[in-house]
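Heads up, data.txt below (compact mmCIF, C-alpha atoms):
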```txt
# COMPACT_ATOMS: atom_id res chain seq x y z
CA MET R 1 28.73 -27.89 8.16
CA LYS R 2 31.24 -25.70 6.40
CA LYS R 3 32.15 -23.55 9.38
CA LYS R 4 35.19 -22.06 7.74
CA ARG R 5 33.31 -20.89 4.72
CA ILE R 6 30.61 -19.09 6.66
CA GLY R 7 33.22 -17.62 9.00
CA ASP R 8 34.97 -15.98 6.10
CA THR R 9 32.07 -13.71 5.35
CA GLN R 10 31.67 -10.18 6.65
CA CYS R 11 27.91 -10.53 6.89
CA PRO R 12 26.81 -10.02 10.53
CA ILE R 13 23.91 -12.44 10.07
CA ALA R 14 26.30 -15.19 9.01
CA ARG R 15 28.68 -14.21 11.81
CA GLY R 16 25.89 -14.57 14.30
CA LEU R 17 24.68 -17.86 12.86
CA GLU R 18 28.17 -19.24 13.07
CA ARG R 19 27.99 -18.77 16.84
CA VAL R 20 24.62 -20.33 17.41
CA GLY R 21 25.49 -23.12 15.00
CA GLU R 22 22.37 -25.20 14.76
CA TRP R 23 18.99 -25.20 16.34
CA TRP R 24 19.92 -27.29 19.35
CA SER R 25 22.14 -24.40 20.35
CA ILE R 26 19.32 -21.92 19.91
CA LEU R 27 17.06 -24.04 22.12
CA ILE R 28 19.80 -24.27 24.75
CA LEU R 29 19.99 -20.47 24.73
CA ARG R 30 16.20 -20.36 25.05
CA ASP R 31 16.42 -22.61 28.11
CA ALA R 32 19.30 -20.63 29.59
CA LEU R 33 17.28 -17.43 29.23
CA HIS R 34 14.47 -19.24 31.01
CA GLY R 35 16.83 -19.76 33.94
CA TYR R 36 18.19 -23.25 33.39
CA SER R 37 21.90 -23.71 33.97
CA ARG R 38 22.56 -27.38 34.72
CA PHE R 39 23.23 -30.25 32.35
CA ASP R 40 20.28 -32.24 33.68
CA GLN R 41 17.89 -29.34 33.21
CA PHE R 42 18.89 -28.89 29.58
CA GLN R 43 18.76 -32.59 28.92
CA GLN R 44 15.33 -33.02 30.41
CA SER R 45 13.99 -30.00 28.58
CA LEU R 46 15.40 -30.92 25.18
CA GLY R 47 15.38 -34.71 25.19
CA ILE R 48 18.78 -34.53 23.53
CA ALA R 49 21.44 -37.25 23.67
CA PRO R 50 24.02 -36.53 26.40
CA ASN R 51 27.02 -36.57 24.05
CA MET R 52 25.28 -34.16 21.67
CA LEU R 53 24.36 -31.85 24.56
CA THR R 54 27.97 -31.92 25.77
CA ARG R 55 29.15 -30.87 22.31
CA ARG R 56 26.61 -28.10 21.93
CA LEU R 57 27.35 -26.69 25.40
CA ALA R 58 31.09 -26.76 24.69
CA SER R 59 30.49 -24.96 21.41
CA LEU R 60 28.42 -22.25 23.10
CA VAL R 61 31.14 -21.81 25.73
CA LYS R 62 33.78 -21.56 23.01
CA SER R 63 31.71 -18.93 21.19
CA GLY R 64 31.49 -16.89 24.38
CA LEU R 65 27.72 -17.20 24.82
CA LEU R 66 27.82 -19.42 27.91
CA GLU R 67 30.29 -19.54 30.76
CA ARG R 68 31.13 -22.82 32.48
CA ARG R 69 31.26 -22.52 36.26
CA LEU R 70 32.13 -25.01 38.95
CA TYR R 71 29.26 -25.09 41.43
CA ASN R 72 30.23 -28.20 43.37
CA GLN R 73 33.73 -29.30 44.35
CA ARG R 74 33.27 -32.97 45.24
CA PRO R 75 32.22 -34.38 42.94
CA PRO R 76 33.06 -31.61 40.46
CA ARG R 77 29.87 -30.27 38.91
CA TYR R 78 29.54 -27.47 36.39
CA GLU R 79 26.78 -25.15 35.44
CA TYR R 80 26.40 -23.09 32.28
CA VAL R 81 25.57 -19.44 32.72
CA LEU R 82 24.78 -16.87 30.05
CA THR R 83 27.39 -14.26 29.28
CA ASP R 84 26.35 -10.74 28.24
CA LYS R 85 26.61 -11.79 24.59
CA GLY R 86 24.44 -14.80 25.26
CA ARG R 87 21.85 -12.78 27.17
CA ASP R 88 21.75 -10.29 24.33
CA PHE R 89 20.45 -13.09 22.06
CA ARG R 90 17.05 -12.61 23.70
CA PRO R 91 15.62 -10.25 21.03
CA VAL R 92 16.45 -12.80 18.33
CA LEU R 93 14.58 -15.47 20.27
CA LEU R 94 11.61 -13.21 20.87
CA ALA R 95 11.45 -12.28 17.19
CA LEU R 96 11.60 -15.98 16.32
CA MET R 97 8.90 -16.72 18.85
CA ALA R 98 6.61 -14.01 17.44
CA TRP R 99 7.13 -15.38 13.93
CA GLY R 100 6.39 -18.92 15.08
CA ASN R 101 3.29 -17.75 16.91
CA ARG R 102 1.97 -15.89 13.88
CA HIS R 103 2.36 -18.70 11.39
CA PHE R 104 2.85 -22.13 12.92
CA THR R 105 0.35 -22.50 15.74
CA PRO R 106 -2.85 -23.63 14.00
CA GLU R 107 -4.24 -25.01 17.28
CA GLY R 108 -3.81 -21.70 19.10
CA LYS R 109 -0.96 -20.11 20.97
CA ALA R 110 0.74 -22.17 23.67
CA LEU R 111 3.21 -19.51 24.70
CA LEU R 112 2.76 -15.78 24.96
CA LEU R 113 4.92 -12.83 25.68
CA VAL R 114 3.11 -10.89 28.37
CA ASP R 115 3.43 -7.44 29.83
CA ALA R 116 4.23 -8.23 33.46
CA ARG R 117 2.63 -4.98 34.67
CA THR R 118 -0.74 -5.52 33.06
CA GLY R 119 -0.78 -9.22 32.23
CA LYS R 120 -1.75 -8.35 28.67
CA PRO R 121 -0.21 -10.19 25.72
CA ALA R 122 2.46 -8.08 24.07
CA ASP R 123 3.14 -7.81 20.38
CA PRO R 124 6.88 -7.52 19.74
CA ILE R 125 7.88 -5.48 16.72
CA LEU R 126 11.22 -4.10 15.65
CA THR R 127 11.52 -0.34 15.84
CA ASP R 128 14.37 2.07 15.35
CA ARG R 129 15.58 3.20 18.74
CA LEU R 130 16.54 6.62 17.39
CA THR R 131 13.29 7.57 15.65
CA GLY R 132 10.81 5.12 17.17
CA ARG R 133 9.63 4.15 13.70
CA PRO R 134 8.63 0.54 13.11
CA MET R 135 10.93 -1.47 10.88
CA THR R 136 8.09 -3.33 9.28
CA ASP R 137 8.07 -0.84 6.45
CA LYS R 138 10.52 -0.64 3.60
CA ASP R 139 12.08 2.58 4.81
CA PHE R 140 14.98 0.80 6.43
CA VAL R 141 17.49 -0.66 4.02
CA LEU R 142 20.81 -2.48 4.22
CA ARG R 143 23.88 -0.53 3.20
CA PRO R 144 27.62 -1.18 3.34
CA GLY R 145 29.25 -0.11 6.59
CA PRO R 146 32.65 1.51 7.06
CA ALA R 147 34.47 -1.84 7.23
CA ALA R 148 32.81 -3.32 4.12
CA LYS R 149 35.06 -4.99 1.60
CA ALA R 150 34.34 -5.24 -2.14
CA ARG R 151 31.88 -8.11 -1.93
CA ILE R 152 29.54 -6.39 0.52
CA ARG R 153 30.07 -2.97 -1.07
CA ASP R 154 28.98 -4.28 -4.46
CA ARG R 155 26.05 -6.20 -3.16
CA TYR R 156 24.55 -3.48 -0.98
CA ALA R 157 25.51 -0.43 -3.02
CA VAL R 158 22.89 2.27 -3.39
CA PRO R 159 20.93 1.28 -6.53
CA MET A 1 18.52 -33.75 12.95
CA LYS A 2 15.59 -35.04 14.97
CA LYS A 3 12.86 -33.22 13.07
CA LYS A 4 10.09 -35.27 14.55
CA ARG A 5 11.11 -34.59 18.09
CA ILE A 6 11.31 -30.84 17.72
CA GLY A 7 8.05 -30.81 15.73
CA ASP A 8 6.25 -32.40 18.64
CA THR A 9 6.76 -29.42 20.86
CA GLN A 10 4.28 -26.60 21.32
CA CYS A 11 7.04 -24.03 21.70
CA PRO A 12 6.73 -21.42 18.94
CA ILE A 13 10.49 -20.92 18.86
CA ALA A 14 11.01 -24.62 18.13
CA ARG A 15 8.16 -24.56 15.63
CA GLY A 16 9.82 -21.69 13.81
CA LEU A 17 13.24 -23.31 13.92
CA GLU A 18 11.81 -26.46 12.45
CA ARG A 19 10.86 -24.44 9.36
CA VAL A 20 14.15 -22.68 8.86
CA GLY A 21 16.01 -25.88 9.64
CA GLU A 22 19.65 -24.99 9.54
CA TRP A 23 21.65 -21.93 8.81
CA TRP A 24 21.90 -22.47 5.06
CA SER A 25 18.14 -21.97 5.00
CA ILE A 26 18.42 -18.77 6.99
CA LEU A 27 21.02 -17.41 4.60
CA ILE A 28 18.80 -18.34 1.63
CA LEU A 29 16.00 -16.33 3.25
CA ARG A 30 18.44 -13.47 3.76
CA ASP A 31 19.28 -13.56 0.05
CA ALA A 32 15.62 -13.85 -0.97
CA LEU A 33 14.81 -10.77 1.13
CA HIS A 34 17.67 -9.04 -0.68
CA GLY A 35 15.84 -9.75 -3.93
CA TYR A 36 17.50 -12.90 -5.21
CA SER A 37 15.19 -15.53 -6.66
CA ARG A 38 17.17 -17.73 -9.02
CA PHE A 39 19.20 -20.83 -8.31
CA ASP A 40 22.37 -19.31 -9.77
CA GLN A 41 22.03 -16.19 -7.64
CA PHE A 42 21.74 -18.20 -4.43
CA GLN A 43 24.57 -20.48 -5.43
CA GLN A 44 26.92 -17.67 -6.27
CA SER A 45 26.05 -15.81 -3.09
CA LEU A 46 26.40 -18.77 -0.77
CA GLY A 47 29.09 -20.89 -2.41
CA ILE A 48 26.99 -23.90 -1.52
CA ALA A 49 27.05 -27.26 -3.34
CA PRO A 50 24.23 -27.49 -5.93
CA ASN A 51 22.70 -30.64 -4.45
CA MET A 52 22.63 -29.08 -1.00
CA LEU A 53 21.08 -25.89 -2.35
CA THR A 54 18.43 -27.94 -4.15
CA ARG A 55 17.56 -29.68 -0.89
CA ARG A 56 17.41 -26.49 1.15
CA LEU A 57 15.24 -24.74 -1.44
CA ALA A 58 12.87 -27.72 -1.59
CA SER A 59 12.64 -27.70 2.19
CA LEU A 60 11.80 -23.99 2.28
CA VAL A 61 9.13 -24.52 -0.38
CA LYS A 62 7.70 -27.41 1.61
CA SER A 63 7.60 -25.26 4.74
CA GLY A 64 5.68 -22.58 2.87
CA LEU A 65 8.39 -19.91 3.08
CA LEU A 66 9.29 -19.90 -0.62
CA GLU A 67 7.14 -20.48 -3.67
CA ARG A 68 8.54 -22.18 -6.77
CA ARG A 69 7.50 -20.47 -9.99
CA LEU A 70 8.16 -21.32 -13.61
CA TYR A 71 9.67 -18.28 -15.26
CA ASN A 72 10.83 -19.85 -18.50
CA GLN A 73 9.07 -22.53 -20.52
CA ARG A 74 11.79 -23.90 -22.79
CA PRO A 75 13.95 -24.93 -21.18
CA PRO A 76 11.89 -25.02 -17.96
CA ARG A 77 13.43 -22.70 -15.39
CA TYR A 78 12.16 -21.99 -11.90
CA GLU A 79 12.59 -19.13 -9.52
CA TYR A 80 12.00 -19.07 -5.78
CA VAL A 81 9.90 -16.24 -4.44
CA LEU A 82 9.16 -15.40 -0.82
CA THR A 83 5.68 -16.10 0.49
CA ASP A 84 4.11 -13.84 3.11
CA LYS A 85 5.38 -16.18 5.83
CA GLY A 86 8.85 -16.05 4.35
CA ARG A 87 8.81 -12.28 4.06
CA ASP A 88 7.69 -12.04 7.66
CA PHE A 89 10.98 -13.67 8.70
CA ARG A 90 12.66 -10.29 8.13
CA PRO A 91 12.48 -9.11 11.77
CA VAL A 92 14.25 -12.29 12.89
CA LEU A 93 17.02 -11.66 10.38
CA LEU A 94 17.34 -8.02 11.41
CA ALA A 95 17.51 -8.99 15.09
CA LEU A 96 20.18 -11.53 14.22
CA MET A 97 22.05 -8.96 12.21
CA ALA A 98 21.97 -6.43 15.06
CA TRP A 99 23.27 -9.07 17.45
CA GLY A 100 26.04 -10.05 15.02
CA ASN A 101 26.97 -6.41 14.55
CA ARG A 102 27.15 -5.74 18.27
CA HIS A 103 29.35 -8.66 19.17
CA PHE A 104 31.14 -10.27 16.25
CA THR A 105 32.57 -7.50 14.10
CA PRO A 106 35.88 -6.62 15.76
CA GLU A 107 37.15 -5.00 12.55
CA GLY A 108 34.16 -2.65 12.30
CA LYS A 109 30.74 -2.96 10.78
CA ALA A 110 30.50 -4.17 7.19
CA LEU A 111 26.73 -3.98 6.92
CA LEU A 112 24.36 -1.44 8.41
CA LEU A 113 20.66 -1.00 8.61
CA VAL A 114 20.02 2.53 7.44
CA ASP A 115 17.05 4.87 7.55
CA ALA A 116 16.37 5.41 3.85
CA ARG A 117 14.93 8.88 4.49
CA THR A 118 17.91 10.26 6.33
CA GLY A 119 20.73 7.87 5.49
CA LYS A 120 21.45 7.51 9.20
CA PRO A 121 22.28 4.13 10.70
CA ALA A 122 19.30 2.72 12.55
CA ASP A 123 19.37 0.79 15.79
CA PRO A 124 16.76 -1.97 15.76
CA ILE A 125 15.22 -2.81 19.11
CA LEU A 126 12.19 -4.86 20.01
CA THR A 127 9.28 -2.89 21.39
CA ASP A 128 5.74 -3.75 22.29
CA ARG A 129 3.45 -2.52 19.54
CA LEU A 130 0.66 -1.87 22.02
CA THR A 131 2.52 0.21 24.58
CA GLY A 132 5.65 1.25 22.69
CA ARG A 133 7.79 0.05 25.57
CA PRO A 134 11.15 -1.52 24.75
CA MET A 135 11.42 -5.24 25.39
CA THR A 136 14.97 -4.97 26.55
CA ASP A 137 13.78 -4.73 30.12
CA LYS A 138 12.53 -7.56 32.24
CA ASP A 139 8.94 -6.37 32.23
CA PHE A 140 7.93 -8.74 29.48
CA VAL A 141 7.73 -12.37 30.48
CA LEU A 142 6.73 -15.65 28.89
CA ARG A 143 3.45 -17.15 30.03
CA PRO A 144 1.35 -20.12 28.90
CA GLY A 145 -1.16 -19.27 26.17
CA PRO A 146 -4.72 -20.56 25.81
CA ALA A 147 -3.61 -23.64 23.85
CA ALA A 148 -0.84 -24.65 26.28
CA LYS A 149 -0.69 -28.26 27.35
CA ALA A 150 0.70 -29.48 30.67
CA ARG A 151 4.36 -29.29 29.72
CA ILE A 152 4.26 -25.61 28.76
CA ARG A 153 1.80 -24.74 31.55
CA ASP A 154 4.13 -26.18 34.17
CA ARG A 155 7.23 -24.62 32.77
CA TYR A 156 5.91 -21.10 32.32
CA ALA A 157 3.52 -20.93 35.22
CA VAL A 158 3.44 -17.73 37.24
CA PRO A 159 6.09 -18.24 39.95
```
Translate this file's structure into C-alpha cells.
Amino acid sequence: MKKKRIGDTQCPIARGLERVGEWWSILILRDALHGYSRFDQFQQSLGIAPNMLTRRLASLVKSGLLERRLYNQRPPRYEYVLTDKGRDFRPVLLALMAWGNRHFTPEGKALLLVDARTGKPADPILTDRLTGRPMTDKDFVLRPGPAAKARIRDRYAVP
Amino acid sequence: MKKKRIGDTQCPIARGLERVGEWWSILILRDALHGYSRFDQFQQSLGIAPNMLTRRLASLVKSGLLERRLYNQRPPRYEYVLTDKGRDFRPVLLALMAWGNRHFTPEGKALLLVDARTGKPADPILTDRLTGRPMTDKDFVLRPGPAAKARIRDRYAVP
C-alpha cells in the first residue's frame, strides 16, 4: 500500500482511511467498540493470524486510535483501549453497518441497531446537526475549506 | 486478504467491507460520487497504477457498486457509473470525511460539507430516522436480528 502517497493528500476521507488502513483494522475497531480489549478476544473474534493482529494493533496504536495499557505486571500483559479518536469512529461503523444491512443480507438481517429505550430497530441516517435536515438529498455539497490548496480548490470549486 | 473468511460472517459491517475491499476502492467510490466516470479521470485523481486501477474497478463492478458502460464504439471505450448500491455508500463516505476532518486536519479543513441553500458548513451526525434522536449517545445498541445464527446471537445477546 502506498501510504506516503495517500498521506500527501488534503482530502479528509483519505486522511481517515490512512489511519484505519485496511479492513482488519476496521473490524478491530468494531470489536473494541463492542467492549473487547485483549489480544485473545480480538484473535478469537477475527480468526486472524497472531502476527497480523500484532501488526494491526500496533498500527492502530501508532495512529492514536487505540491505547496500549499494561493490565498485568507478571507476566506483563497489555490491553488495547479506544482513545477518543477511536471511539469517535463509531458513526462510520454504524453507517457501514446500515449500508451492509440494506444491500448485502439476502437471508435477512443478523444484526440490528436498536433503540435501547423501546427495543425498536433504529434506522440511522445522516442529518445536519445545525438544521436537522437529512443529508440523503443533494442539498449538501462538498466545497473547499479555508486550508484548501490548489488541487482541492480546483476540484471542488463552485461550478 | 482472506476474502473467504470475512465473507463467511453474518456481520453487516464485514459484509460491506468485503465489497469495498481496500481503500483504493473507497477512494474510487468517492471520485465516482464526485461525478468522475472514466478511467483517465480516476487515474489522474488517484495517481494509481493502471493495472491496479483496472483490478479495483473490475472488483467494484463485480460487487455491484459500479456498472461498466460502453460510451464509445470505435475504439471501444467504457465508463464506470455508480449503481444504486454504490450511490448509497455516500453516507459512509460523509461519516468518514467528518471523522477525518475532526481529527486529522491539524492545518485546518481543506474540504467542507456545505448546505447548498445557505452556503454554511454542515455538521453531519447520525440520527435515528424514526425518532430523530442523535446516535451519538449510548441509547442505541447492537442486537441480534431475526436471521442471526449462534455466533451473533451469543455475542450481541442482551446482557
Matching every Cα in sequence order between the two identical chains, what are the coordinates of chain R once fitted onto chain A? Write them as a short mmCIF file (atom, residue, chain, number, x, y, z; two decimals) with C-alpha atoms, in the frame of the given file.
```cif
data_model
loop_
_atom_site.label_atom_id
_atom_site.label_comp_id
_atom_site.auth_asym_id
_atom_site.auth_seq_id
_atom_site.Cartn_x
_atom_site.Cartn_y
_atom_site.Cartn_z
CA MET R 1 18.50 -33.82 12.94
CA LYS R 2 15.59 -35.12 14.95
CA LYS R 3 12.87 -33.27 13.07
CA LYS R 4 10.07 -35.29 14.56
CA ARG R 5 11.11 -34.60 18.10
CA ILE R 6 11.30 -30.85 17.69
CA GLY R 7 8.03 -30.86 15.75
CA ASP R 8 6.25 -32.42 18.67
CA THR R 9 6.76 -29.42 20.88
CA GLN R 10 4.29 -26.59 21.33
CA CYS R 11 7.05 -24.03 21.70
CA PRO R 12 6.73 -21.40 18.92
CA ILE R 13 10.50 -20.91 18.85
CA ALA R 14 11.02 -24.60 18.14
CA ARG R 15 8.17 -24.52 15.63
CA GLY R 16 9.84 -21.68 13.82
CA LEU R 17 13.26 -23.30 13.91
CA GLU R 18 11.82 -26.45 12.45
CA ARG R 19 10.88 -24.43 9.37
CA VAL R 20 14.16 -22.68 8.85
CA GLY R 21 16.01 -25.91 9.60
CA GLU R 22 19.65 -24.97 9.52
CA TRP R 23 21.64 -21.91 8.79
CA TRP R 24 21.90 -22.44 5.05
CA SER R 25 18.15 -21.95 4.99
CA ILE R 26 18.41 -18.76 6.99
CA LEU R 27 21.01 -17.40 4.57
CA ILE R 28 18.80 -18.33 1.62
CA LEU R 29 15.99 -16.34 3.24
CA ARG R 30 18.43 -13.47 3.74
CA ASP R 31 19.27 -13.57 0.03
CA ALA R 32 15.63 -13.85 -0.98
CA LEU R 33 14.81 -10.78 1.11
CA HIS R 34 17.66 -9.05 -0.69
CA GLY R 35 15.85 -9.74 -3.96
CA TYR R 36 17.49 -12.90 -5.24
CA SER R 37 15.18 -15.53 -6.67
CA ARG R 38 17.17 -17.73 -9.04
CA PHE R 39 19.20 -20.84 -8.32
CA ASP R 40 22.36 -19.31 -9.78
CA GLN R 41 22.03 -16.19 -7.65
CA PHE R 42 21.74 -18.21 -4.45
CA GLN R 43 24.57 -20.48 -5.44
CA GLN R 44 26.92 -17.66 -6.27
CA SER R 45 26.05 -15.80 -3.09
CA LEU R 46 26.40 -18.78 -0.77
CA GLY R 47 29.09 -20.89 -2.40
CA ILE R 48 26.97 -23.91 -1.53
CA ALA R 49 27.05 -27.25 -3.34
CA PRO R 50 24.26 -27.49 -5.94
CA ASN R 51 22.70 -30.65 -4.47
CA MET R 52 22.65 -29.09 -0.99
CA LEU R 53 21.08 -25.90 -2.37
CA THR R 54 18.44 -27.96 -4.17
CA ARG R 55 17.56 -29.70 -0.89
CA ARG R 56 17.41 -26.51 1.13
CA LEU R 57 15.24 -24.74 -1.47
CA ALA R 58 12.88 -27.73 -1.60
CA SER R 59 12.66 -27.71 2.18
CA LEU R 60 11.82 -23.99 2.27
CA VAL R 61 9.15 -24.53 -0.39
CA LYS R 62 7.70 -27.43 1.60
CA SER R 63 7.61 -25.27 4.74
CA GLY R 64 5.70 -22.60 2.85
CA LEU R 65 8.40 -19.92 3.06
CA LEU R 66 9.30 -19.91 -0.64
CA GLU R 67 7.14 -20.49 -3.68
CA ARG R 68 8.55 -22.19 -6.77
CA ARG R 69 7.52 -20.48 -10.00
CA LEU R 70 8.16 -21.34 -13.61
CA TYR R 71 9.69 -18.29 -15.27
CA ASN R 72 10.84 -19.88 -18.51
CA GLN R 73 9.05 -22.55 -20.53
CA ARG R 74 11.78 -23.91 -22.81
CA PRO R 75 13.94 -24.95 -21.18
CA PRO R 76 11.89 -25.05 -17.97
CA ARG R 77 13.42 -22.71 -15.40
CA TYR R 78 12.16 -21.99 -11.91
CA GLU R 79 12.58 -19.15 -9.54
CA TYR R 80 12.00 -19.09 -5.79
CA VAL R 81 9.91 -16.26 -4.45
CA LEU R 82 9.15 -15.41 -0.83
CA THR R 83 5.68 -16.11 0.46
CA ASP R 84 4.11 -13.85 3.10
CA LYS R 85 5.38 -16.20 5.81
CA GLY R 86 8.85 -16.07 4.35
CA ARG R 87 8.82 -12.28 4.04
CA ASP R 88 7.68 -12.03 7.63
CA PHE R 89 10.98 -13.67 8.68
CA ARG R 90 12.64 -10.29 8.10
CA PRO R 91 12.47 -9.10 11.75
CA VAL R 92 14.23 -12.29 12.87
CA LEU R 93 17.01 -11.63 10.38
CA LEU R 94 17.32 -8.01 11.40
CA ALA R 95 17.49 -8.96 15.07
CA LEU R 96 20.17 -11.52 14.22
CA MET R 97 22.04 -8.94 12.19
CA ALA R 98 21.96 -6.40 15.05
CA TRP R 99 23.25 -9.05 17.45
CA GLY R 100 26.03 -10.03 15.06
CA ASN R 101 26.96 -6.39 14.55
CA ARG R 102 27.14 -5.72 18.28
CA HIS R 103 29.34 -8.65 19.19
CA PHE R 104 31.13 -10.26 16.27
CA THR R 105 32.55 -7.49 14.11
CA PRO R 106 35.86 -6.62 15.78
CA GLU R 107 37.14 -5.00 12.57
CA GLY R 108 34.16 -2.66 12.30
CA LYS R 109 30.73 -2.97 10.79
CA ALA R 110 30.50 -4.16 7.19
CA LEU R 111 26.74 -3.97 6.95
CA LEU R 112 24.37 -1.44 8.41
CA LEU R 113 20.67 -1.00 8.63
CA VAL R 114 20.01 2.53 7.45
CA ASP R 115 17.07 4.87 7.58
CA ALA R 116 16.38 5.43 3.89
CA ARG R 117 14.94 8.90 4.53
CA THR R 118 17.93 10.29 6.38
CA GLY R 119 20.73 7.88 5.52
CA LYS R 120 21.47 7.52 9.22
CA PRO R 121 22.29 4.13 10.73
CA ALA R 122 19.31 2.72 12.57
CA ASP R 123 19.37 0.80 15.81
CA PRO R 124 16.74 -1.96 15.77
CA ILE R 125 15.21 -2.82 19.11
CA LEU R 126 12.17 -4.86 20.00
CA THR R 127 9.28 -2.88 21.39
CA ASP R 128 5.73 -3.74 22.31
CA ARG R 129 3.45 -2.50 19.57
CA LEU R 130 0.64 -1.84 22.05
CA THR R 131 2.52 0.24 24.62
CA GLY R 132 5.64 1.27 22.71
CA ARG R 133 7.81 0.06 25.58
CA PRO R 134 11.15 -1.52 24.74
CA MET R 135 11.44 -5.23 25.39
CA THR R 136 15.00 -4.96 26.55
CA ASP R 137 13.81 -4.77 30.12
CA LYS R 138 12.55 -7.61 32.24
CA ASP R 139 8.98 -6.38 32.26
CA PHE R 140 7.95 -8.73 29.50
CA VAL R 141 7.74 -12.36 30.51
CA LEU R 142 6.72 -15.64 28.90
CA ARG R 143 3.45 -17.15 30.04
CA PRO R 144 1.34 -20.10 28.91
CA GLY R 145 -1.16 -19.25 26.19
CA PRO R 146 -4.71 -20.54 25.81
CA ALA R 147 -3.62 -23.63 23.87
CA ALA R 148 -0.84 -24.63 26.29
CA LYS R 149 -0.70 -28.24 27.35
CA ALA R 150 0.70 -29.49 30.68
CA ARG R 151 4.36 -29.27 29.74
CA ILE R 152 4.26 -25.60 28.78
CA ARG R 153 1.79 -24.74 31.55
CA ASP R 154 4.12 -26.16 34.18
CA ARG R 155 7.22 -24.61 32.78
CA TYR R 156 5.89 -21.09 32.32
CA ALA R 157 3.48 -20.93 35.25
CA VAL R 158 3.43 -17.72 37.25
CA PRO R 159 6.08 -18.25 39.97
#
```
What are the closest atom pairs, with distances in Å to one decimal, for each residue of chain A lying within 6 Å of chain R, using all atoms listed in the file, rows by chain and rising residue number, as a tab-separated table?
```
residue	atom	partner	partner_atom	distance
A:Pro12	CA	R:Gly100	CA	4.6
A:Ile13	CA	R:Met97	CA	4.5
A:Arg15	CA	R:Gly100	CA	5.9
A:Gly16	CA	R:Gly100	CA	4.6
A:Glu22	CA	R:Glu22	CA	5.9
A:Val92	CA	R:Ala95	CA	5.1
A:Ala95	CA	R:Val92	CA	5.1
A:Leu96	CA	R:Ile13	CA	5.7
A:Met97	CA	R:Ile13	CA	4.5
A:Gly100	CA	R:Pro12	CA	4.6
A:Asn101	CA	R:Pro12	CA	5.4
A:Gly108	CA	R:Ala147	CA	5.1
A:Lys109	CA	R:Ala147	CA	5.3
A:Ala110	CA	R:Ala148	CA	3.9
A:Leu111	CA	R:Gly145	CA	4.6
A:Leu112	CA	R:Arg143	CA	5.3
A:Leu113	CA	R:Leu142	CA	4.6
A:Val114	CA	R:Val141	CA	5.3
A:Asp115	CA	R:Phe140	CA	4.7
A:Ala116	CA	R:Asp139	CA	5.2
A:Ala122	CA	R:Asp128	CA	5.7
A:Asp123	CA	R:Asp128	CA	5.2
A:Pro124	CA	R:Asp128	CA	4.7
A:Ile125	CA	R:Leu126	CA	5.4
A:Leu126	CA	R:Leu126	CA	4.5
A:Thr127	CA	R:Pro124	CA	5.5
A:Asp128	CA	R:Pro124	CA	4.7
A:Arg129	CA	R:Asp123	CA	5.4
A:Asp139	CA	R:Ala116	CA	5.2
A:Phe140	CA	R:Asp115	CA	4.7
A:Val141	CA	R:Val114	CA	5.3
A:Leu142	CA	R:Leu113	CA	4.6
A:Arg143	CA	R:Leu112	CA	5.3
A:Pro144	CA	R:Leu111	CA	4.6
A:Gly145	CA	R:Ala110	CA	4.3
A:Ala147	CA	R:Ala110	CA	4.6
A:Ala148	CA	R:Ala110	CA	3.9
```
* Structure fact -> Separating atom CA of Arg74 of chain A from atom CA of Arg87 of chain A, to the nearest tenth of an Å, is a gap of 29.4 Å
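The gap separating atom CA of Thr83 of chain A from atom CA of Gln43 of chain A is 20.3 Å, in Å to one decimal.
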* Asked: What does the distance between atom CA of Tyr78 of chain A and atom CA of Ser37 of chain A come to in Å, to one decimal place?
  -> 8.9 Å
Please give the centre and size of the box around segment 143-147 of chain A (axis-aligned, containing every atom listed in the file, 8 Å added per side), with values in Å to one decimal and written as lines of an AutoDock Vina configuration file.
```
center_x = -0.6
center_y = -20.4
center_z = 26.9
size_x = 24.2
size_y = 22.5
size_z = 22.2
```
Expected file for segment 39-68 of chain R keeping C-alpha atoms, as a CSV table (one decimal), in the first residue's frame:
```csv
chain,number,residue,atom,x,y,z
R,39,PHE,CA,-5.4,-9.8,22.3
R,40,ASP,CA,-7.1,-13.1,22.8
R,41,GLN,CA,-10.6,-11.6,22.4
R,42,PHE,CA,-9.6,-9.9,19.1
R,43,GLN,CA,-8.0,-13.1,17.8
R,44,GLN,CA,-10.9,-15.3,18.7
R,45,SER,CA,-13.4,-12.8,17.2
R,46,LEU,CA,-11.5,-12.3,13.9
R,47,GLY,CA,-9.7,-15.6,13.3
R,48,ILE,CA,-6.7,-13.5,12.3
R,49,ALA,CA,-3.1,-14.8,12.4
R,50,PRO,CA,-1.3,-13.6,15.6
R,51,ASN,CA,1.5,-11.8,13.8
R,52,MET,CA,-1.0,-9.9,11.6
R,53,LEU,CA,-3.1,-9.0,14.6
R,54,THR,CA,0.0,-7.7,16.4
R,55,ARG,CA,0.8,-5.5,13.4
R,56,ARG,CA,-2.7,-4.1,13.0
R,57,LEU,CA,-2.9,-3.3,16.8
R,58,ALA,CA,0.5,-1.6,16.6
R,59,SER,CA,-0.7,0.4,13.7
R,60,LEU,CA,-3.9,1.5,15.4
R,61,VAL,CA,-1.9,2.5,18.5
R,62,LYS,CA,0.5,4.5,16.3
R,63,SER,CA,-2.4,6.2,14.6
R,64,GLY,CA,-3.8,7.2,18.0
R,65,LEU,CA,-7.0,5.2,17.8
R,66,LEU,CA,-6.1,2.6,20.5
R,67,GLU,CA,-4.0,3.0,23.6
R,68,ARG,CA,-1.9,0.1,24.9
```
